[in-house]
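See below for work28.cif, which holds mmCIF, C-alpha atoms.
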data_entry
#
loop_
_atom_site.label_atom_id
_atom_site.label_comp_id
_atom_site.auth_asym_id
_atom_site.auth_seq_id
_atom_site.Cartn_x
_atom_site.Cartn_y
_atom_site.Cartn_z
CA MET A 264 11.64 -23.61 -13.04
CA PRO A 265 10.50 -20.50 -11.15
CA VAL A 266 12.84 -17.52 -11.11
CA PRO A 267 14.55 -17.50 -7.69
CA ASN A 268 12.98 -15.31 -5.03
CA ALA A 269 16.28 -13.43 -4.84
CA ARG A 270 15.46 -11.81 -8.18
CA PHE A 271 12.28 -10.35 -6.71
CA PHE A 272 14.13 -9.21 -3.59
CA GLU A 273 16.54 -7.38 -5.89
CA LEU A 274 13.67 -5.72 -7.72
CA LEU A 275 12.07 -4.71 -4.42
CA GLN A 276 15.31 -3.14 -3.30
CA ASP A 277 15.60 -1.28 -6.60
CA ILE A 278 12.08 0.19 -6.46
CA GLU A 279 12.37 1.18 -2.80
CA PRO A 280 12.66 4.94 -2.22
CA SER A 281 16.34 5.75 -1.79
CA SER A 282 17.86 6.82 1.51
CA THR A 283 18.24 10.33 0.05
CA THR A 284 14.56 10.40 -0.90
CA LYS A 285 13.57 9.31 2.61
CA THR A 286 15.86 11.87 4.23
CA ASN A 287 14.49 14.65 2.03
CA ALA A 288 10.92 13.61 2.79
CA SER A 289 11.61 13.58 6.52
CA GLY A 290 13.20 17.02 6.41
CA GLY A 291 10.40 18.39 4.25
CA HIS A 292 7.48 17.29 6.41
CA THR A 293 9.27 18.12 9.69
CA GLY A 294 9.89 21.66 8.47
CA ILE A 295 6.26 22.14 7.43
CA ARG A 296 4.92 20.80 10.72
CA ASN A 297 7.25 22.92 12.82
CA HIS A 298 6.37 25.98 10.76
CA LEU A 299 2.62 25.59 11.30
CA ARG A 300 3.10 24.74 14.97
CA THR A 301 4.93 28.01 15.60
CA GLN A 302 3.54 30.38 12.95
CA ALA A 303 2.21 33.48 14.70
CA LYS A 304 -1.27 33.52 13.15
CA PHE A 305 -1.80 29.77 13.09
CA LYS A 306 -0.21 28.35 16.24
CA ASP A 307 -3.43 28.86 18.19
CA ARG A 308 -5.26 26.78 15.57
CA TYR A 309 -2.66 24.01 15.52
CA VAL A 310 -3.29 21.02 17.80
CA ARG A 311 -0.93 18.36 16.41
CA SER A 312 0.02 16.67 13.17
CA PHE A 313 0.82 13.24 11.79
CA LEU A 314 1.65 11.56 8.51
CA SER A 315 -0.79 9.76 6.27
CA GLY A 316 -0.65 8.08 2.88
CA SER A 317 1.75 5.52 1.46
CA TYR A 318 4.83 6.98 3.15
CA ALA A 319 3.23 6.60 6.55
CA ARG A 320 2.20 3.05 5.68
CA ASP A 321 5.59 2.14 4.12
CA THR A 322 3.93 1.09 0.88
CA SER A 323 5.42 3.74 -1.42
CA ILE A 324 7.78 3.02 -4.30
CA ARG A 325 10.54 5.21 -5.66
CA PRO A 326 9.13 8.46 -7.07
CA ARG A 327 9.06 9.16 -10.75
CA THR A 328 12.10 11.06 -11.98
CA SER A 329 11.31 14.67 -12.90
CA VAL A 330 12.58 16.49 -15.98
CA SER A 331 15.39 17.89 -13.82
CA GLY A 332 16.39 14.38 -12.77
CA GLN A 333 15.06 14.63 -9.20
CA GLU A 334 13.02 12.02 -7.38
CA ARG A 335 10.66 13.92 -5.07
CA PRO A 336 8.35 11.88 -2.87
CA ASP A 337 4.69 12.67 -2.18
CA VAL A 338 4.00 13.12 1.53
CA ASP A 339 0.58 13.65 3.11
CA ILE A 340 0.55 15.70 6.32
CA ILE A 341 -2.59 15.70 8.45
CA VAL A 342 -2.85 18.82 10.62
CA VAL A 343 -5.32 18.52 13.48
CA THR A 344 -6.82 21.93 14.21
CA ASN A 345 -9.33 23.47 16.60
CA TYR A 346 -11.59 24.75 13.84
CA THR A 347 -15.22 23.68 14.03
CA THR A 348 -17.58 22.42 11.35
CA SER A 349 -19.18 25.87 11.36
CA ASP A 350 -15.99 27.22 9.77
CA HIS A 351 -16.27 27.12 5.99
CA PRO A 352 -13.78 24.68 4.40
CA ASP A 353 -12.68 27.24 1.81
CA THR A 354 -11.88 29.74 4.56
CA VAL A 355 -9.93 27.13 6.52
CA LEU A 356 -7.84 26.05 3.54
CA LYS A 357 -7.05 29.66 2.66
CA GLU A 358 -5.94 30.31 6.24
CA VAL A 359 -3.64 27.28 6.10
CA CYS A 360 -2.28 28.60 2.81
CA ARG A 361 -1.53 32.03 4.33
CA ALA A 362 0.08 30.43 7.38
CA LEU A 363 2.38 28.41 5.16
CA GLU A 364 3.38 31.43 3.10
CA ASP A 365 3.89 33.85 6.00
CA GLY A 366 6.95 34.22 8.18
CA GLY A 367 10.69 34.00 7.72
CA GLU A 368 10.50 30.30 6.98
CA GLY A 369 7.51 30.70 4.66
CA TYR A 370 6.82 28.25 1.87
CA ASP A 371 5.76 28.78 -1.72
CA VAL A 372 2.31 27.25 -2.06
CA GLU A 373 1.75 25.51 -5.37
CA ARG A 374 -2.06 25.46 -5.14
CA ILE A 375 -5.08 24.92 -2.93
CA ASN A 376 -6.70 21.59 -3.73
CA LYS A 377 -10.15 20.29 -2.90
CA ARG A 378 -9.11 19.16 0.58
CA SER A 379 -5.48 20.18 0.99
CA VAL A 380 -2.83 22.79 0.38
CA ARG A 381 0.00 21.73 -1.92
CA VAL A 382 3.63 22.69 -1.30
CA GLU A 383 6.36 21.55 -3.66
CA ASN A 384 10.03 22.13 -2.92
CA TRP A 385 13.35 20.41 -3.54
CA GLN A 386 12.72 17.99 -0.69
CA ALA A 387 9.24 16.68 -1.39
CA ASP A 388 5.78 17.35 -2.80
CA MET A 389 3.55 17.74 0.25
CA ASP A 390 -0.21 17.91 0.73
CA ILE A 391 -1.17 19.62 3.99
CA VAL A 392 -4.63 18.49 5.08
CA PRO A 393 -6.44 20.36 7.89
CA VAL A 394 -8.87 18.26 9.93
CA ILE A 395 -11.04 18.47 13.04
CA GLU A 396 -10.81 15.63 15.54
CA THR A 397 -14.03 13.92 16.62
CA TRP A 398 -14.74 11.14 19.09
CA ASN A 399 -14.46 8.46 16.40
CA GLY A 400 -12.14 9.96 13.80
CA TYR A 401 -11.75 13.23 11.93
CA GLN A 402 -13.69 15.69 9.80
CA ILE A 403 -11.91 16.84 6.66
CA ALA A 404 -12.59 20.14 4.88
CA ASP A 405 -14.08 19.79 1.39
CA ARG A 406 -14.04 23.15 -0.36
CA ASP A 407 -15.95 21.91 -3.44
CA SER A 408 -19.02 20.92 -1.46
CA GLY A 409 -18.48 23.48 1.31
CA THR A 410 -18.90 20.74 3.92
CA TRP A 411 -16.83 18.70 6.36
CA LYS A 412 -16.65 14.97 5.68
CA PHE A 413 -15.74 12.08 7.95
CA THR A 414 -12.36 10.41 7.49
CA ASN A 415 -10.00 8.34 9.60
CA PRO A 416 -6.47 8.06 8.11
CA PRO A 417 -4.88 6.35 11.15
CA VAL A 418 -7.18 3.38 10.57
CA HIS A 419 -5.62 2.92 7.11
CA THR A 420 -2.16 2.84 8.68
CA ASP A 421 -3.26 0.33 11.33
CA TRP A 422 -5.08 -1.76 8.72
CA SER A 423 -1.95 -1.91 6.55
CA SER A 424 0.16 -3.07 9.49
CA GLN A 425 -2.42 -5.72 10.36
CA GLN A 426 -2.38 -6.99 6.77
CA ASN A 427 1.39 -7.14 6.84
CA GLU A 428 1.22 -9.31 9.93
CA ARG A 429 -1.46 -11.50 8.36
CA PHE A 430 0.75 -12.00 5.27
CA GLY A 431 3.83 -12.87 7.32
CA CYS A 432 5.46 -9.50 6.55
CA ARG A 433 4.96 -10.01 2.80
CA PHE A 434 1.98 -7.68 2.33
CA LYS A 435 3.90 -4.43 1.93
CA PRO A 436 6.47 -5.88 -0.49
CA LEU A 437 3.63 -7.38 -2.56
CA VAL A 438 1.88 -4.00 -2.61
CA LYS A 439 5.09 -2.40 -3.89
CA LEU A 440 5.37 -4.97 -6.66
CA PHE A 441 1.73 -4.32 -7.59
CA LYS A 442 2.26 -0.57 -7.65
CA TRP A 443 5.39 -0.95 -9.76
CA TRP A 444 3.57 -3.21 -12.23
CA ARG A 445 0.82 -0.60 -12.45
CA ARG A 446 3.34 2.15 -13.20
CA ILE A 447 5.11 0.10 -15.87
CA ASN A 448 1.83 -1.03 -17.48
CA PRO A 449 -0.63 1.85 -17.02
CA SER A 450 -4.24 1.73 -18.17
CA GLY A 451 -5.24 5.23 -17.07
CA ARG A 452 -5.13 7.50 -14.05
CA ARG A 453 -7.27 5.30 -11.79
CA PRO A 454 -7.36 3.09 -9.81
CA LYS A 455 -4.21 3.92 -7.88
CA GLY A 456 -2.75 4.31 -4.39
CA PHE A 457 -4.71 2.90 -1.50
CA ILE A 458 -7.12 1.06 -3.80
CA LEU A 459 -4.23 -1.12 -4.97
CA GLU A 460 -3.33 -1.86 -1.35
CA VAL A 461 -6.88 -2.93 -0.56
CA LEU A 462 -6.94 -5.21 -3.60
CA VAL A 463 -3.76 -6.91 -2.37
CA GLY A 464 -5.34 -7.30 1.08
CA LEU A 465 -8.48 -8.83 -0.42
CA HIS A 466 -6.95 -11.04 -3.10
CA GLY A 467 -3.28 -11.66 -2.34
CA PRO A 468 -2.28 -15.17 -1.17
CA THR A 469 -1.36 -14.80 2.49
CA ALA A 470 0.74 -17.95 2.83
CA GLU A 471 2.71 -17.90 -0.45
CA THR A 472 6.38 -17.08 0.20
CA HIS A 473 7.60 -16.85 -3.41
CA TYR A 474 6.88 -13.37 -4.69
CA GLY A 475 6.58 -14.46 -8.31
CA GLU A 476 3.94 -17.03 -7.46
CA ALA A 477 2.21 -14.63 -5.08
CA PHE A 478 2.05 -11.94 -7.77
CA ALA A 479 0.74 -14.33 -10.42
CA GLN A 480 -1.96 -15.53 -8.02
CA LEU A 481 -2.84 -11.94 -7.05
CA LEU A 482 -3.57 -10.91 -10.64
CA ALA A 483 -5.49 -14.12 -11.34
CA ASN A 484 -7.56 -13.71 -8.17
CA ILE A 485 -8.43 -10.08 -8.98
CA HIS A 486 -9.59 -11.00 -12.48
CA SER A 487 -11.55 -13.97 -11.18
CA ALA A 488 -13.33 -11.73 -8.66
CA TYR A 489 -14.20 -8.84 -10.99
CA GLY A 490 -13.79 -9.98 -14.60
CA TYR A 491 -17.42 -10.87 -15.16
CA LEU A 492 -18.74 -7.62 -13.69
CA ALA A 493 -16.37 -5.65 -15.91
CA SER A 494 -17.59 -7.60 -18.95
CA ILE A 495 -21.14 -6.37 -18.30
CA ASN A 496 -20.01 -2.78 -17.67
CA GLN A 497 -20.23 -2.88 -13.90
CA LYS A 498 -17.79 -2.31 -11.09
CA PRO A 499 -18.00 -3.67 -7.54
CA PHE A 500 -18.51 -1.87 -4.25
CA ILE A 501 -15.27 -2.19 -2.27
CA ALA A 502 -15.55 -0.93 1.29
CA ASP A 503 -13.06 1.52 2.75
CA PRO A 504 -11.39 -0.19 5.75
CA ALA A 505 -11.67 3.08 7.70
CA VAL A 506 -15.25 3.95 6.73
CA PRO A 507 -17.00 0.74 5.57
CA SER A 508 -19.97 2.64 4.15
CA ASN A 509 -17.65 4.40 1.69
CA ASP A 510 -16.78 2.81 -1.66
CA ILE A 511 -13.07 3.24 -2.42
CA LEU A 512 -13.92 2.91 -6.13
CA ALA A 513 -16.33 5.88 -6.04
CA LYS A 514 -13.99 8.08 -8.12
CA VAL A 515 -13.09 5.29 -10.54
CA THR A 516 -15.27 5.31 -13.64
CA VAL A 517 -16.61 2.10 -15.14
CA ALA A 518 -14.43 2.69 -18.19
CA GLN A 519 -11.32 3.09 -16.04
CA TRP A 520 -12.18 -0.03 -14.06
CA LYS A 521 -12.76 -2.08 -17.22
CA ASP A 522 -9.41 -0.97 -18.67
CA PHE A 523 -7.70 -1.89 -15.41
CA ILE A 524 -9.32 -5.33 -15.20
CA GLU A 525 -8.40 -6.04 -18.83
CA LYS A 526 -4.79 -5.12 -18.05
CA VAL A 527 -4.93 -7.44 -15.04
CA ARG A 528 -6.24 -10.26 -17.26
CA VAL A 529 -3.47 -9.85 -19.82
CA TYR A 530 -0.67 -9.74 -17.27
CA ALA A 531 -2.10 -12.53 -15.16
CA ASP A 532 -1.50 -14.75 -18.19
CA ILE A 533 2.01 -13.38 -18.69
CA ALA A 534 2.89 -13.79 -15.01
CA ARG A 535 1.63 -17.38 -15.07
CA ARG A 536 3.72 -18.13 -18.17
CA ALA A 537 6.72 -16.61 -16.44
CA GLN A 538 6.18 -18.64 -13.30
CA ASP A 539 5.58 -21.91 -15.15
CA ALA A 540 8.35 -21.54 -17.75
CA GLU A 541 10.87 -24.40 -17.67
CA ASP A 542 13.61 -22.27 -19.21
CA MET A 543 15.11 -19.57 -16.94
CA GLU A 544 15.79 -17.21 -19.84
CA GLU A 545 12.17 -17.45 -20.98
CA ALA A 546 10.91 -16.96 -17.43
CA THR A 547 13.10 -13.87 -17.09
CA ARG A 548 11.88 -12.50 -20.42
CA GLN A 549 8.27 -12.83 -19.33
CA TRP A 550 8.89 -11.25 -15.92
CA ARG A 551 10.61 -8.32 -17.64
CA ARG A 552 7.39 -7.87 -19.64
CA VAL A 553 5.56 -7.65 -16.30
CA PHE A 554 7.97 -5.45 -14.34
CA GLY A 555 10.09 -3.75 -16.99
CA ASP A 556 13.84 -3.36 -17.26
CA ARG A 557 14.36 -3.02 -13.51
CA PHE A 558 13.75 -6.75 -13.29
CA LYS A 559 17.35 -7.65 -14.04
CA PRO A 560 18.45 -10.57 -16.20
CA THR A 561 20.65 -11.77 -13.33
CA ALA A 562 20.44 -11.05 -9.61
CA ASN A 563 22.93 -9.26 -7.41
CA VAL A 564 22.82 -12.00 -4.80
CA ALA A 565 24.37 -9.95 -1.97
CA LYS A 566 21.91 -7.10 -2.36
CA ALA A 567 18.96 -9.42 -2.86
CA ALA A 568 19.84 -11.38 0.26
CA THR A 569 19.95 -8.15 2.24
CA TYR A 570 16.47 -7.15 1.14
CA GLY A 571 15.20 -10.67 1.67
CA GLY A 572 16.53 -10.69 5.21
CA PHE A 573 14.87 -7.37 5.90
CA ALA A 574 11.55 -8.59 4.49
CA ALA A 575 11.62 -11.67 6.67
CA ALA A 576 12.69 -9.95 9.86
CA ALA A 577 10.79 -6.66 9.67
CA ALA A 578 8.25 -5.94 12.35
CA PRO A 579 4.69 -6.18 11.03
CA ALA A 580 4.10 -2.51 11.70
CA GLY A 581 7.40 -1.48 10.12
CA GLY A 582 7.58 1.80 8.31
CA TYR A 583 9.86 4.68 7.57
CA THR A 584 11.45 6.38 10.52
CA PHE A 585 9.38 9.53 10.18
CA PRO A 586 8.52 10.87 13.65
CA ASP A 587 4.87 11.48 14.42
CA ALA A 588 5.89 13.56 17.43
CA MET A 589 6.98 17.08 16.70
CA ALA A 590 10.67 17.60 16.33
CA ALA A 591 12.40 20.51 18.00
CA PRO A 592 12.08 23.78 16.07
CA PRO A 593 14.66 23.83 13.27
CA ASN A 594 17.79 25.89 13.92
CA LYS A 595 19.11 25.67 10.39
CA PRO A 596 18.21 27.76 7.35
CA ARG A 597 15.27 26.60 5.30
CA GLY A 598 16.19 23.78 2.97
CA PHE A 599 18.17 21.68 5.43
CA ALA A 600 16.89 18.62 7.22
#

Translate this structure into structure tokens?
Amino acid sequence: MPVPNARFFELLQDIEPSSTTKTNASGGHTGIRNHLRTQAKFKDRYVRSFLSGSYARDTSIRPRTSVSGQERPDVDIIVVTNYTTSDHPDTVLKEVCRALEDGGEGYDVERINKRSVRVENWQADMDIVPVIETWNGYQIADRDSGTWKFTNPPVHTDWSSQQNERFGCRFKPLVKLFKWWRRINPSGRRPKGFILEVLVGLHGPTAETHYGEAFAQLLANIHSAYGYLASINQKPFIADPAVPSNDILAKVTVAQWKDFIEKVRVYADIARRAQDAEDMEEATRQWRRVFGDRFKPTANVAKAATYGGFAAAAAPAGGYTFPDAMAAPPNKPRGFA
């Protein structure tokens, strides 16, 4: 007696970033982009900007709650510039940092990362990534190596939308369930983020409409594909959809991958027991082992139906309403959307 799909719709609604979180994220990235577009010493370097990462792809889940009780989203902002590959990445990132800090609407920079500048405020945690546009993508500054490396974030966004269409609009919800399971049952820092999305694209059942069954099959398929390799201390090569010659597992150690695959194996069994349980209370108990306390003992049918209707009707390329085009310069004090 499978748990009704409505229970999974309710969970999906619960782990969705709140409307406040989305509004704060929108205000945060719009302010940053407008600031760089108009900043006196950087505006001649600025070409345009767009969003990247899970927020752009609509595959993010609600942020972790901070010590202060806030839920601040992570937003990746790609800033296309007119630098050239002869400009040293470290110099470019420092110039972006100064541009963010300078001016009446200046921001407090948290740190300069390997390829981005980090700004954290009450609205969002934002990584500002300077790039150079090329005929077939972008070059991203890598200060550790002192070189520019090829990347193509828009391809990830397009790929995610294509997968969502292929899955009948169920890809993005399944990714969110996978990410939530990973948060509730961690095995280490990696793999995370886009790697999880690619695994869903490779191993999720495209035609299954029940999210419990789809999730159980996803975990079983992942273990079936990689369990043996992990048992002999190996990890696979998984191509980046944007740059097929790149391995998205390059930063994942063998030990991290083995721990992840073992976690997948354990919870594939639990998910299958949950899905096959004849008693609803037992099925619920097992699913709460998989997804934690946010998988409620009983469903709020009205809310679940709302999310279910959205999932069925959403356009394949659906995402948050974050504008890629530049908004008008803000006419409110800093801190307001």

Tyr491 (chain A) environment, 10 Å, only C-alpha atoms, sequence neighbours closer than 6 positions dropped, as a ChimeraX atom specification: /A:497-498,524

Selection near Val418 (chain A), 8 Å with only C-alpha atoms, sequence-local residues under 4 positions removed, as a ChimeraX atom specification: /A:422,504-505

Applying the PyMOL selection byres ((chain A and resi 378-392) around 8) to the file I just gave you, which residues come out? Please list them as a PyMOL selection string. chain A and resi 284+287-288+290-292+335-342+356+359-360+370-377+393-394+403-406+598

Taking the file as I've supplied it (selection: the PyMOL selection byres ((chain A and resi 305) around 12)), which residues are included? Please answer as a PyMOL selection string. chain A and resi 296-304+306-311+342-346+355-366+393

Can you measure CA of Asp556 (chain A) to CA of Gln276 (chain A) for me? One decimal in Å is fine.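 That distance, rounded to one decimal, is 14.0 Å.
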
Selection result for the PyMOL selection byres ((chain A and resi 519) around 9) on this file, as an NGL selection string: :A and (450-454 or 515-518 or 520-524)

Selection: 12 Å around Gln426 (chain A), only C-alpha atoms, excl. self and same-chain fewer than 2 positions, as JSON, numbers by chain: {"A": [320, 322, 419, 420, 421, 422, 423, 424, 428, 429, 430, 431, 432, 433, 434, 435, 436, 437, 438, 460, 461, 462, 463, 464, 465, 466, 467, 468, 469, 504, 579, 580, 581]}

Atom pair CA of Leu275 (chain A) / CA of Arg557 (chain A): separation (Å):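 Computing it gives 9.5 Å between the two atoms.
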
From A:Arg552, A:Lys514, A:Lys412, A:Lys439, residue lying nearest Tyr474 (chain A) [all atoms listed in the file]: A:Lys439

Looking at only C-alpha atoms, which of A:His486, A:Asp321, A:Pro499, A:Gly456 is the one that sits closest to Leu512 (chain A)?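 Closest to Leu512 (chain A), using only C-alpha atoms: A:Pro499.
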
So what do you get for CA of Lys526 (chain A) versus CA of Ala479 (chain A), distance-wise?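 CA of Ala479 (chain A) lies 13.2 Å from CA of Lys526 (chain A).
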